[in-house]
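data_21.csv (CSV, N, CA and C atoms)
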chain,number,residue,atom,x,y,z
Y,152,LEU,N,-4.8,-17.4,21.7
Y,152,LEU,CA,-4.9,-17.7,20.3
Y,152,LEU,C,-5.5,-16.6,19.5
Y,153,THR,N,-4.9,-16.1,18.5
Y,153,THR,CA,-5.5,-15.1,17.6
Y,153,THR,C,-5.4,-15.5,16.2
Y,154,ILE,N,-6.3,-15.0,15.4
Y,154,ILE,CA,-6.4,-15.3,14.0
Y,154,ILE,C,-5.7,-14.1,13.3
Y,155,LYS,N,-4.8,-14.4,12.5
Y,155,LYS,CA,-4.1,-13.4,11.7
Y,155,LYS,C,-5.1,-12.8,10.7
Y,156,GLY,N,-5.2,-11.5,10.7
Y,156,GLY,CA,-6.1,-10.8,9.8
Y,156,GLY,C,-5.5,-10.6,8.4
Y,157,VAL,N,-6.3,-10.1,7.6
Y,157,VAL,CA,-5.9,-9.8,6.2
Y,157,VAL,C,-5.2,-8.4,6.3
Y,158,GLU,N,-4.0,-8.4,5.7
Y,158,GLU,CA,-3.2,-7.2,5.8
Y,158,GLU,C,-3.5,-6.1,4.7
Y,159,ASP,N,-3.9,-6.5,3.5
Y,159,ASP,CA,-4.2,-5.6,2.4
Y,159,ASP,C,-5.7,-5.3,2.3
Y,160,THR,N,-6.2,-4.3,2.9
Y,160,THR,CA,-7.6,-4.0,2.9
Y,160,THR,C,-7.9,-2.6,2.4
Y,161,GLU,N,-9.1,-2.4,2.0
Y,161,GLU,CA,-9.5,-1.0,1.7
Y,161,GLU,C,-10.9,-0.8,2.4
Y,162,GLU,N,-11.1,0.3,2.9
Y,162,GLU,CA,-12.3,0.6,3.6
Y,162,GLU,C,-13.4,0.7,2.6
Y,163,LEU,N,-14.6,0.1,2.9
Y,163,LEU,CA,-15.7,0.2,2.0
Y,163,LEU,C,-16.5,1.5,2.3
Y,164,PRO,N,-16.9,2.2,1.3
Y,164,PRO,CA,-17.7,3.4,1.6
Y,164,PRO,C,-19.1,2.9,2.1
Y,165,VAL,N,-19.5,3.5,3.2
Y,165,VAL,CA,-20.8,3.2,3.8
Y,165,VAL,C,-21.8,4.1,3.2
Y,166,GLY,N,-22.9,3.6,2.8
Y,166,GLY,CA,-24.0,4.4,2.3
Y,166,GLY,C,-24.3,4.3,0.8
Y,167,PRO,N,-23.4,4.8,-0.1
Y,167,PRO,CA,-23.7,4.7,-1.5
Y,167,PRO,C,-23.6,3.2,-2.0
Y,168,ALA,N,-24.3,2.9,-3.0
Y,168,ALA,CA,-24.2,1.6,-3.7
Y,168,ALA,C,-22.8,1.4,-4.2
Y,169,LEU,N,-22.2,0.3,-3.9
Y,169,LEU,CA,-20.8,0.0,-4.4
Y,169,LEU,C,-20.8,-0.3,-5.9
Y,170,ASP,N,-19.8,0.1,-6.6
Y,170,ASP,CA,-19.7,-0.1,-8.0
Y,170,ASP,C,-19.1,-1.5,-8.3
Y,171,VAL,N,-19.9,-2.5,-7.9
Y,171,VAL,CA,-19.6,-3.9,-8.2
Y,171,VAL,C,-20.9,-4.6,-8.6
Y,172,PRO,N,-20.8,-5.8,-9.2
Y,172,PRO,CA,-22.0,-6.4,-9.5
Y,172,PRO,C,-23.0,-6.6,-8.4
Y,173,GLY,N,-24.3,-6.3,-8.6
Y,173,GLY,CA,-25.3,-6.4,-7.6
Y,173,GLY,C,-25.5,-5.1,-6.9
Y,174,ARG,N,-24.6,-4.1,-7.0
Y,174,ARG,CA,-24.7,-2.8,-6.4
Y,174,ARG,C,-25.1,-2.8,-4.9
Y,175,PRO,N,-24.3,-3.7,-4.1
Y,175,PRO,CA,-24.7,-3.7,-2.7
Y,175,PRO,C,-24.4,-2.4,-2.0
Y,176,VAL,N,-25.1,-2.2,-0.9
Y,176,VAL,CA,-24.9,-1.0,0.0
Y,176,VAL,C,-24.2,-1.5,1.3
Y,177,ALA,N,-23.0,-1.1,1.6
Y,177,ALA,CA,-22.3,-1.5,2.8
Y,177,ALA,C,-22.9,-0.7,4.0
Y,178,MET,N,-23.1,-1.4,5.1
Y,178,MET,CA,-23.5,-0.8,6.3
Y,178,MET,C,-22.7,-1.3,7.4
Y,179,PHE,N,-22.2,-0.4,8.3
Y,179,PHE,CA,-21.3,-0.7,9.4
Y,179,PHE,C,-22.1,-1.4,10.4
Y,180,ALA,N,-21.6,-2.6,10.9
Y,180,ALA,CA,-22.3,-3.4,11.9
Y,180,ALA,C,-21.3,-4.1,12.7
Y,181,PRO,N,-20.5,-3.4,13.5
Y,181,PRO,CA,-19.4,-4.0,14.3
Y,181,PRO,C,-19.9,-4.7,15.5
Y,182,GLY,N,-19.1,-5.5,16.1
Y,182,GLY,CA,-19.4,-6.3,17.3
Y,182,GLY,C,-18.8,-7.6,17.2
Y,183,HIS,N,-19.2,-8.5,16.2
Y,183,HIS,CA,-18.5,-9.7,16.0
Y,183,HIS,C,-17.0,-9.5,15.8
Y,184,THR,N,-16.7,-8.5,15.0
Y,184,THR,CA,-15.3,-8.0,14.8
Y,184,THR,C,-15.5,-6.5,14.8
Y,185,GLY,N,-14.3,-5.8,15.0
Y,185,GLY,CA,-14.4,-4.3,15.0
Y,185,GLY,C,-14.8,-3.7,13.7
Y,186,GLY,N,-14.5,-4.3,12.6
Y,186,GLY,CA,-14.8,-3.6,11.3
Y,186,GLY,C,-15.9,-4.3,10.5
Y,187,HIS,N,-16.7,-5.2,11.2
Y,187,HIS,CA,-17.7,-5.9,10.5
Y,187,HIS,C,-18.7,-5.0,9.8
Y,188,CYS,N,-19.1,-5.5,8.6
Y,188,CYS,CA,-20.2,-4.7,7.9
Y,188,CYS,C,-21.1,-5.8,7.3
Y,189,ILE,N,-22.3,-5.3,6.9
Y,189,ILE,CA,-23.3,-6.1,6.2
Y,189,ILE,C,-23.5,-5.5,4.8
Y,190,LEU,N,-24.0,-6.2,3.9
Y,190,LEU,CA,-24.3,-5.8,2.6
Y,190,LEU,C,-25.7,-5.9,2.2
Y,191,HIS,N,-26.4,-4.8,1.9
Y,191,HIS,CA,-27.8,-4.7,1.6
Y,191,HIS,C,-27.9,-4.7,0.1
Y,192,LEU,N,-28.8,-5.5,-0.4
Y,192,LEU,CA,-29.1,-5.6,-1.9
Y,192,LEU,C,-30.5,-5.1,-2.0
Y,193,PRO,N,-30.8,-3.8,-2.0
Y,193,PRO,CA,-32.1,-3.3,-2.0
Y,193,PRO,C,-33.0,-3.8,-3.2
Y,194,ASP,N,-32.4,-3.9,-4.4
Y,194,ASP,CA,-33.2,-4.4,-5.5
Y,194,ASP,C,-33.5,-5.9,-5.4
Y,195,ARG,N,-32.9,-6.6,-4.5
Y,195,ARG,CA,-33.2,-8.0,-4.3
Y,195,ARG,C,-33.9,-8.2,-3.0
Y,196,ASP,N,-34.2,-7.2,-2.3
Y,196,ASP,CA,-34.9,-7.2,-1.0
Y,196,ASP,C,-34.2,-8.2,-0.1
Y,197,THR,N,-32.8,-8.1,-0.1
Y,197,THR,CA,-32.0,-9.1,0.7
Y,197,THR,C,-30.9,-8.4,1.4
Y,198,VAL,N,-30.5,-8.9,2.5
Y,198,VAL,CA,-29.3,-8.4,3.3
Y,198,VAL,C,-28.4,-9.6,3.5
Y,199,LEU,N,-27.1,-9.4,3.2
Y,199,LEU,CA,-26.1,-10.4,3.6
Y,199,LEU,C,-25.6,-10.0,4.9
Y,200,SER,N,-26.0,-10.7,6.0
Y,200,SER,CA,-25.7,-10.2,7.3
Y,200,SER,C,-24.4,-10.7,7.8
Y,201,GLY,N,-23.7,-11.6,7.1
Y,201,GLY,CA,-22.4,-12.1,7.6
Y,201,GLY,C,-22.6,-12.7,9.0
Y,202,ASP,N,-21.7,-12.3,9.9
Y,202,ASP,CA,-21.8,-12.8,11.3
Y,202,ASP,C,-22.5,-11.8,12.2
Y,203,ALA,N,-23.1,-10.7,11.7
Y,203,ALA,CA,-23.9,-9.8,12.5
Y,203,ALA,C,-25.1,-10.4,13.0
Y,204,LEU,N,-25.7,-11.3,12.2
Y,204,LEU,CA,-26.9,-12.1,12.5
Y,204,LEU,C,-26.7,-13.5,11.8
Y,205,VAL,N,-26.7,-14.5,12.6
Y,205,VAL,CA,-26.6,-15.9,12.0
Y,205,VAL,C,-27.8,-16.7,12.3
Y,206,THR,N,-28.0,-17.8,11.6
Y,206,THR,CA,-29.1,-18.7,12.0
Y,206,THR,C,-28.6,-20.0,12.5
Y,207,LEU,N,-27.3,-20.1,12.6
Y,207,LEU,CA,-26.6,-21.3,13.2
Y,207,LEU,C,-25.4,-20.7,13.9
Y,208,ASP,N,-25.3,-20.9,15.2
Y,208,ASP,CA,-24.1,-20.5,15.8
Y,208,ASP,C,-23.1,-21.6,15.8
Y,209,PRO,N,-22.0,-21.5,15.0
Y,209,PRO,CA,-21.1,-22.6,14.8
Y,209,PRO,C,-20.3,-23.0,16.1
Y,210,TYR,N,-20.4,-22.2,17.1
Y,210,TYR,CA,-19.7,-22.5,18.4
Y,210,TYR,C,-20.6,-23.2,19.4
Y,211,THR,N,-21.9,-23.0,19.3
Y,211,THR,CA,-22.8,-23.6,20.3
Y,211,THR,C,-23.7,-24.6,19.6
Y,212,GLY,N,-23.9,-24.5,18.3
Y,212,GLY,CA,-24.8,-25.4,17.6
Y,212,GLY,C,-26.2,-24.9,17.7
Y,213,ALA,N,-26.5,-23.8,18.4
Y,213,ALA,CA,-27.8,-23.3,18.5
Y,213,ALA,C,-28.3,-22.8,17.1
Y,214,THR,N,-29.6,-23.0,16.8
Y,214,THR,CA,-30.2,-22.6,15.6
Y,214,THR,C,-31.2,-21.4,15.8
Y,215,GLY,N,-31.5,-20.8,14.7
Y,215,GLY,CA,-32.5,-19.6,14.8
Y,215,GLY,C,-31.7,-18.3,14.8
Y,216,PRO,N,-32.3,-17.2,14.4
Y,216,PRO,CA,-31.6,-15.9,14.3
Y,216,PRO,C,-31.0,-15.5,15.7
Y,217,GLN,N,-29.7,-15.1,15.6
Y,217,GLN,CA,-29.0,-14.8,16.8
Y,217,GLN,C,-27.7,-14.1,16.5
Y,218,ILE,N,-27.0,-13.5,17.4
Y,218,ILE,CA,-25.6,-13.1,17.2
Y,218,ILE,C,-24.7,-14.3,17.5
Y,219,VAL,N,-23.5,-14.3,17.1
Y,219,VAL,CA,-22.5,-15.3,17.4
Y,219,VAL,C,-22.2,-15.3,18.9
Y,220,ALA,N,-22.0,-16.5,19.5
Y,220,ALA,CA,-21.7,-16.7,20.9
Y,220,ALA,C,-20.6,-15.6,21.4
Y,221,SER,N,-20.8,-15.2,22.6
Y,221,SER,CA,-20.0,-14.2,23.2
Y,221,SER,C,-18.5,-14.6,23.2
Y,222,ALA,N,-18.2,-15.9,23.4
Y,222,ALA,CA,-16.8,-16.4,23.4
Y,222,ALA,C,-16.1,-16.1,22.1
Y,223,ALA,N,-16.9,-15.9,21.0
Y,223,ALA,CA,-16.3,-15.8,19.7
Y,223,ALA,C,-16.7,-14.4,19.1
Y,224,THR,N,-17.1,-13.5,19.9
Y,224,THR,CA,-17.4,-12.1,19.5
Y,224,THR,C,-16.6,-11.1,20.2
Y,225,ALA,N,-16.1,-10.1,19.5
Y,225,ALA,CA,-15.2,-9.1,20.1
Y,225,ALA,C,-15.9,-8.3,21.1
Y,226,ASP,N,-17.2,-7.9,20.9
Y,226,ASP,CA,-17.9,-7.0,21.8
Y,226,ASP,C,-19.4,-7.3,21.6
Y,227,THR,N,-19.9,-8.2,22.6
Y,227,THR,CA,-21.3,-8.7,22.4
Y,227,THR,C,-22.3,-7.5,22.5
Y,228,ALA,N,-22.1,-6.6,23.4
Y,228,ALA,CA,-23.0,-5.5,23.5
Y,228,ALA,C,-23.1,-4.7,22.2
Y,229,ARG,N,-22.0,-4.5,21.6
Y,229,ARG,CA,-22.0,-3.8,20.3
Y,229,ARG,C,-22.6,-4.6,19.2
Y,230,ALA,N,-22.4,-5.9,19.3
Y,230,ALA,CA,-23.0,-6.9,18.3
Y,230,ALA,C,-24.5,-6.8,18.4
Y,231,MET,N,-25.0,-6.7,19.6
Y,231,MET,CA,-26.5,-6.5,19.8
Y,231,MET,C,-27.0,-5.2,19.3
Y,232,GLU,N,-26.2,-4.1,19.5
Y,232,GLU,CA,-26.6,-2.8,18.9
Y,232,GLU,C,-26.6,-2.9,17.4
Y,233,SER,N,-25.7,-3.7,16.8
Y,233,SER,CA,-25.6,-3.7,15.3
Y,233,SER,C,-26.7,-4.5,14.7
Y,234,LEU,N,-27.6,-5.1,15.5
Y,234,LEU,CA,-28.8,-5.6,14.9
Y,234,LEU,C,-29.7,-4.5,14.3
Y,235,GLY,N,-29.5,-3.3,14.8
Y,235,GLY,CA,-30.2,-2.1,14.3
Y,235,GLY,C,-30.0,-1.9,12.8
Y,236,PRO,N,-28.7,-1.8,12.4
Y,236,PRO,CA,-28.5,-1.6,10.9
Y,236,PRO,C,-29.1,-2.8,10.1
Y,237,VAL,N,-29.0,-4.0,10.7
Y,237,VAL,CA,-29.6,-5.2,10.0
Y,237,VAL,C,-31.1,-4.9,9.8
Y,238,ALA,N,-31.8,-4.6,10.9
Y,238,ALA,CA,-33.2,-4.3,10.8
Y,238,ALA,C,-33.5,-3.1,9.9
Y,239,ALA,N,-32.7,-2.1,9.9
Y,239,ALA,CA,-32.9,-0.9,9.0
Y,239,ALA,C,-33.0,-1.2,7.6
Y,240,THR,N,-32.5,-2.4,7.1
Y,240,THR,CA,-32.6,-2.7,5.7
Y,240,THR,C,-34.0,-3.0,5.3
Y,241,GLY,N,-34.8,-3.5,6.2
Y,241,GLY,CA,-36.2,-3.9,5.9
Y,241,GLY,C,-36.3,-5.1,5.0
Y,242,ALA,N,-35.2,-5.8,4.8
Y,242,ALA,CA,-35.2,-6.9,3.8
Y,242,ALA,C,-36.1,-8.1,4.1
Y,243,SER,N,-36.6,-8.7,3.1
Y,243,SER,CA,-37.4,-9.9,3.3
Y,243,SER,C,-36.6,-11.1,3.5
Y,244,THR,N,-35.4,-11.1,2.9
Y,244,THR,CA,-34.5,-12.3,3.0
Y,244,THR,C,-33.2,-11.9,3.7
Y,245,VAL,N,-32.7,-12.8,4.6
Y,245,VAL,CA,-31.4,-12.6,5.3
Y,245,VAL,C,-30.5,-13.8,4.9
Y,246,LEU,N,-29.4,-13.4,4.4
Y,246,LEU,CA,-28.4,-14.5,4.1
Y,246,LEU,C,-27.2,-14.3,5.1
Y,247,PRO,N,-27.2,-15.2,6.1
Y,247,PRO,CA,-26.3,-15.1,7.2
Y,247,PRO,C,-24.9,-15.8,6.8
Y,248,GLY,N,-23.9,-15.4,7.6
Y,248,GLY,CA,-22.6,-16.0,7.5
Y,248,GLY,C,-22.6,-17.5,7.9
Y,249,HIS,N,-23.5,-17.9,8.8
Y,249,HIS,CA,-23.6,-19.3,9.2
Y,249,HIS,C,-25.1,-19.6,9.3
Y,250,GLY,N,-25.4,-20.8,8.8
Y,250,GLY,CA,-26.8,-21.2,8.9
Y,250,GLY,C,-27.6,-21.0,7.6
Y,251,ASP,N,-28.8,-21.4,7.6
Y,251,ASP,CA,-29.7,-21.3,6.5
Y,251,ASP,C,-30.2,-19.9,6.2
Y,252,PRO,N,-30.5,-19.6,5.0
Y,252,PRO,CA,-31.2,-18.3,4.7
Y,252,PRO,C,-32.5,-18.2,5.5
Y,253,TRP,N,-32.8,-16.9,5.9
Y,253,TRP,CA,-34.0,-16.6,6.6
Y,253,TRP,C,-34.9,-15.9,5.7
Y,254,THR,N,-36.1,-16.4,5.4
Y,254,THR,CA,-37.0,-15.8,4.5
Y,254,THR,C,-38.3,-15.3,5.1
Y,255,HIS,N,-38.3,-15.0,6.4
Y,255,HIS,CA,-39.5,-14.6,7.1
Y,255,HIS,C,-39.4,-13.1,7.5
Y,256,GLY,N,-38.5,-12.4,6.8
Y,256,GLY,CA,-38.3,-10.9,7.0
Y,256,GLY,C,-37.3,-10.6,8.1
Y,257,VAL,N,-36.6,-9.5,7.9
Y,257,VAL,CA,-35.5,-9.2,8.8
Y,257,VAL,C,-36.1,-8.7,10.2
Y,258,ASP,N,-37.3,-8.2,10.2
Y,258,ASP,CA,-37.8,-7.7,11.5
Y,258,ASP,C,-38.0,-8.9,12.4
Y,259,ALA,N,-38.5,-10.0,11.9
Y,259,ALA,CA,-38.7,-11.3,12.7
Y,259,ALA,C,-37.4,-11.8,13.1
Y,260,ALA,N,-36.4,-11.8,12.2
Y,260,ALA,CA,-35.1,-12.3,12.5
Y,260,ALA,C,-34.4,-11.5,13.7
Y,261,VAL,N,-34.4,-10.2,13.5
Y,261,VAL,CA,-33.8,-9.3,14.5
Y,261,VAL,C,-34.6,-9.5,15.9
Y,262,GLY,N,-35.9,-9.5,15.8
Y,262,GLY,CA,-36.7,-9.7,17.0
Y,262,GLY,C,-36.3,-11.0,17.8
Y,263,HIS,N,-36.1,-12.1,17.0
Y,263,HIS,CA,-35.7,-13.3,17.6
Y,263,HIS,C,-34.3,-13.2,18.2
Y,264,ALA,N,-33.4,-12.6,17.5
Y,264,ALA,CA,-32.0,-12.4,18.0
Y,264,ALA,C,-32.0,-11.6,19.2
Y,265,ARG,N,-32.8,-10.5,19.3
Y,265,ARG,CA,-32.8,-9.7,20.5
Y,265,ARG,C,-33.4,-10.5,21.7
Y,266,ALA,N,-34.4,-11.3,21.4
Y,266,ALA,CA,-35.0,-12.1,22.5
Y,266,ALA,C,-34.0,-13.2,23.0
Y,267,VAL,N,-33.2,-13.7,22.1
Y,267,VAL,CA,-32.2,-14.7,22.5
Y,267,VAL,C,-31.1,-14.0,23.3
Y,268,GLY,N,-30.8,-12.8,22.9
Y,268,GLY,CA,-29.8,-12.0,23.6
Y,268,GLY,C,-28.4,-12.5,23.5
Y,269,GLU,N,-27.5,-12.1,24.4
Y,269,GLU,CA,-26.1,-12.4,24.4
Y,269,GLU,C,-26.0,-13.8,25.1
Y,270,HIS,N,-25.3,-14.7,24.5
Y,270,HIS,CA,-25.1,-16.0,25.1
Y,270,HIS,C,-23.6,-16.4,25.0
Would you mind writing the structure in this file as structure tokens?
Amino acid sequence: LTIKGVEDTEELPVGPALDVPGRPVAMFAPGHTGGHCILHLPDRDTVLSGDALVTLDPYTGATGPQIVASAATADTARAMESLGPVAATGASTVLPGHGDPWTHGVDAAVGHARAVGEH
């Protein structure tokens, strides 16, 4: 079973603030998917982590900061490595793709996700 991807895409520039509302900074964070990225909002002290770091795994029901279950992640080792760019934001708030917002700082979230590891 495969999920059909989006056919009409444009690569996001990594590094400079995007010329869209909120001026997010795209950062490459592959693993869950090959082209996954996160969006850092420096002026909001927030990172939209998408599925690079979630607080609810929709496949296992596990809660707390973690990567998505290995069964639903393209490359779990790479997903674990991509916690680095999430941490590099230094954000106070993490808005994950699944689960509740995390407001205890990205360092604590990434630390927890690394402790949980690949599952």
For Y:Ile189, find every residue with an atom within 7 Å (counting only N, CA and C atoms), except residues of its own chain fewer than 6 positions away, and show them as a PyMOL selection string.
chain Y and resi 176-180+198-201
Option closest in space to Y:Leu192, from Y:Val205, Y:Gly173, Y:Glu161, Y:Gly268 [counting only N, CA and C atoms]
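Among the listed residues, Y:Gly173 lies closest to Y:Leu192.
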Based on the backbone DSSP call, show me all residues of stretch 173-265 of chain Y assigned strand (DSSP E), as a PyMOL selection string.
chain Y and resi 176-179+188-192+197-201+205-207+214-217+244-247
For N, CA and C atoms, I'd like the residues from the last selection saved as a PDB file, keeping the file's coordinate frame.
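Result file selection-v8.pdb:
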ATOM      1  N   VAL Y 176     -25.100  -2.200  -0.900  1.00  0.00           N
ATOM      2  CA  VAL Y 176     -24.900  -1.000   0.000  1.00  0.00           C
ATOM      3  C   VAL Y 176     -24.200  -1.500   1.300  1.00  0.00           C
ATOM      4  N   ALA Y 177     -23.000  -1.100   1.600  1.00  0.00           N
ATOM      5  CA  ALA Y 177     -22.300  -1.500   2.800  1.00  0.00           C
ATOM      6  C   ALA Y 177     -22.900  -0.700   4.000  1.00  0.00           C
ATOM      7  N   MET Y 178     -23.100  -1.400   5.100  1.00  0.00           N
ATOM      8  CA  MET Y 178     -23.500  -0.800   6.300  1.00  0.00           C
ATOM      9  C   MET Y 178     -22.700  -1.300   7.400  1.00  0.00           C
ATOM     10  N   PHE Y 179     -22.200  -0.400   8.300  1.00  0.00           N
ATOM     11  CA  PHE Y 179     -21.300  -0.700   9.400  1.00  0.00           C
ATOM     12  C   PHE Y 179     -22.100  -1.400  10.400  1.00  0.00           C
ATOM     13  N   CYS Y 188     -19.100  -5.500   8.600  1.00  0.00           N
ATOM     14  CA  CYS Y 188     -20.200  -4.700   7.900  1.00  0.00           C
ATOM     15  C   CYS Y 188     -21.100  -5.800   7.300  1.00  0.00           C
ATOM     16  N   ILE Y 189     -22.300  -5.300   6.900  1.00  0.00           N
ATOM     17  CA  ILE Y 189     -23.300  -6.100   6.200  1.00  0.00           C
ATOM     18  C   ILE Y 189     -23.500  -5.500   4.800  1.00  0.00           C
ATOM     19  N   LEU Y 190     -24.000  -6.200   3.900  1.00  0.00           N
ATOM     20  CA  LEU Y 190     -24.300  -5.800   2.600  1.00  0.00           C
ATOM     21  C   LEU Y 190     -25.700  -5.900   2.200  1.00  0.00           C
ATOM     22  N   HIS Y 191     -26.400  -4.800   1.900  1.00  0.00           N
ATOM     23  CA  HIS Y 191     -27.800  -4.700   1.600  1.00  0.00           C
ATOM     24  C   HIS Y 191     -27.900  -4.700   0.100  1.00  0.00           C
ATOM     25  N   LEU Y 192     -28.800  -5.500  -0.400  1.00  0.00           N
ATOM     26  CA  LEU Y 192     -29.100  -5.600  -1.900  1.00  0.00           C
ATOM     27  C   LEU Y 192     -30.500  -5.100  -2.000  1.00  0.00           C
ATOM     28  N   THR Y 197     -32.800  -8.100  -0.100  1.00  0.00           N
ATOM     29  CA  THR Y 197     -32.000  -9.100   0.700  1.00  0.00           C
ATOM     30  C   THR Y 197     -30.900  -8.400   1.400  1.00  0.00           C
ATOM     31  N   VAL Y 198     -30.500  -8.900   2.500  1.00  0.00           N
ATOM     32  CA  VAL Y 198     -29.300  -8.400   3.300  1.00  0.00           C
ATOM     33  C   VAL Y 198     -28.400  -9.600   3.500  1.00  0.00           C
ATOM     34  N   LEU Y 199     -27.100  -9.400   3.200  1.00  0.00           N
ATOM     35  CA  LEU Y 199     -26.100 -10.400   3.600  1.00  0.00           C
ATOM     36  C   LEU Y 199     -25.600 -10.000   4.900  1.00  0.00           C
ATOM     37  N   SER Y 200     -26.000 -10.700   6.000  1.00  0.00           N
ATOM     38  CA  SER Y 200     -25.700 -10.200   7.300  1.00  0.00           C
ATOM     39  C   SER Y 200     -24.400 -10.700   7.800  1.00  0.00           C
ATOM     40  N   GLY Y 201     -23.700 -11.600   7.100  1.00  0.00           N
ATOM     41  CA  GLY Y 201     -22.400 -12.100   7.600  1.00  0.00           C
ATOM     42  C   GLY Y 201     -22.600 -12.700   9.000  1.00  0.00           C
ATOM     43  N   VAL Y 205     -26.700 -14.500  12.600  1.00  0.00           N
ATOM     44  CA  VAL Y 205     -26.600 -15.900  12.000  1.00  0.00           C
ATOM     45  C   VAL Y 205     -27.800 -16.700  12.300  1.00  0.00           C
ATOM     46  N   THR Y 206     -28.000 -17.800  11.600  1.00  0.00           N
ATOM     47  CA  THR Y 206     -29.100 -18.700  12.000  1.00  0.00           C
ATOM     48  C   THR Y 206     -28.600 -20.000  12.500  1.00  0.00           C
ATOM     49  N   LEU Y 207     -27.300 -20.100  12.600  1.00  0.00           N
ATOM     50  CA  LEU Y 207     -26.600 -21.300  13.200  1.00  0.00           C
ATOM     51  C   LEU Y 207     -25.400 -20.700  13.900  1.00  0.00           C
ATOM     52  N   THR Y 214     -29.600 -23.000  16.800  1.00  0.00           N
ATOM     53  CA  THR Y 214     -30.200 -22.600  15.600  1.00  0.00           C
ATOM     54  C   THR Y 214     -31.200 -21.400  15.800  1.00  0.00           C
ATOM     55  N   GLY Y 215     -31.500 -20.800  14.700  1.00  0.00           N
ATOM     56  CA  GLY Y 215     -32.500 -19.600  14.800  1.00  0.00           C
ATOM     57  C   GLY Y 215     -31.700 -18.300  14.800  1.00  0.00           C
ATOM     58  N   PRO Y 216     -32.300 -17.200  14.400  1.00  0.00           N
ATOM     59  CA  PRO Y 216     -31.600 -15.900  14.300  1.00  0.00           C
ATOM     60  C   PRO Y 216     -31.000 -15.500  15.700  1.00  0.00           C
ATOM     61  N   GLN Y 217     -29.700 -15.100  15.600  1.00  0.00           N
ATOM     62  CA  GLN Y 217     -29.000 -14.800  16.800  1.00  0.00           C
ATOM     63  C   GLN Y 217     -27.700 -14.100  16.500  1.00  0.00           C
ATOM     64  N   THR Y 244     -35.400 -11.100   2.900  1.00  0.00           N
ATOM     65  CA  THR Y 244     -34.500 -12.300   3.000  1.00  0.00           C
ATOM     66  C   THR Y 244     -33.200 -11.900   3.700  1.00  0.00           C
ATOM     67  N   VAL Y 245     -32.700 -12.800   4.600  1.00  0.00           N
ATOM     68  CA  VAL Y 245     -31.400 -12.600   5.300  1.00  0.00           C
ATOM     69  C   VAL Y 245     -30.500 -13.800   4.900  1.00  0.00           C
ATOM     70  N   LEU Y 246     -29.400 -13.400   4.400  1.00  0.00           N
ATOM     71  CA  LEU Y 246     -28.400 -14.500   4.100  1.00  0.00           C
ATOM     72  C   LEU Y 246     -27.200 -14.300   5.100  1.00  0.00           C
ATOM     73  N   PRO Y 247     -27.200 -15.200   6.100  1.00  0.00           N
ATOM     74  CA  PRO Y 247     -26.300 -15.100   7.200  1.00  0.00           C
ATOM     75  C   PRO Y 247     -24.900 -15.800   6.800  1.00  0.00           C
TER      76      PRO Y 247
END
Non-local contacts of Y:Ala238 (7 Å; only N, CA and C atoms; under 3 positions in same chain excluded) as a list in words
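The residues that qualify are Ser233, Leu234, Gly235, Gly241, Ala242, Val257, Asp258 and Val261 of chain Y.
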From the list Y:Pro164, Y:Thr254, Y:Ala266, Y:His183, which residue is nearest Y:Ala220 when using only C-alpha atoms?
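Distance minimum relative to Y:Ala220 lands on Y:His183.
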Report the distance between atom N of Y:Ala260 and atom N of Y:Pro172 in Å, rounded to one decimal place.
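These atoms are spaced 27.2 Å apart.
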Which residues, written as a list in words, have at least one atom at most 9 Å from Y:Gly185, with only C-alpha atoms counted and residues fewer than 4 positions away on the same chain left out?
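Selected residues are Ala180, Pro181, Ala225 and Asp226 of chain Y.
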Quick one: of Y:Val245, Y:Leu190, Y:Leu204, Y:Ala213, who's nearest to Y:Ala230, counting only C-alpha atoms?
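Smallest separation from Y:Ala230 among the options: Y:Leu204.
Interatomic distance, atom C of Y:Ala222 against atom CA of Y:Leu163: 25.9 Å.
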Please extract the residues of stretch 171-256 of chain Y with a backbone DSSP assignment of alpha helix (DSSP H) and present them as a list in words.
Thr227, Ala228, Arg229, Ala230, Met231, Glu232, Leu234, Gly235, Pro236, Val237, Ala238 and Ala239 of chain Y
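If you look at atom N of Y:Val165 and atom C of Y:His191, they are 12.1 Å away from each other.
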Residue nearest Y:Arg174 among Y:Val237, Y:Leu246, Y:Pro193, Y:Ala223 (counting all atoms listed in the file):
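Of Y:Val237, Y:Leu246, Y:Pro193, Y:Ala223, the one nearest Y:Arg174 is Y:Pro193, counting all atoms listed in the file.
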I'd like the contact shell of Y:Gly215 - 8 Å cut-off, only N, CA and C atoms, skipping same-chain residues fewer than 3 positions apart - returned as a list in words.
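Close residues of Y:Gly215: Leu204, Val205, Thr206, Leu207, Asp208, Gly212, Ile218, Gly250, Asp251, Ala260, His263 and Ala264 of chain Y.
The nearest approach to Y:Ala168 among the residues Y:His187, Y:Gly156, Y:Trp253, Y:Asp194, with only C-alpha atoms taken into account, belongs to Y:Asp194.
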Which residue is closest to Y:Pro247? Choose from Y:Val157, Y:Ala228, Y:Ala203, Y:Leu169 and count all atoms listed in the file.
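Comparing Y:Val157, Y:Ala228, Y:Ala203, Y:Leu169 against Y:Pro247, the winner is Y:Ala203.
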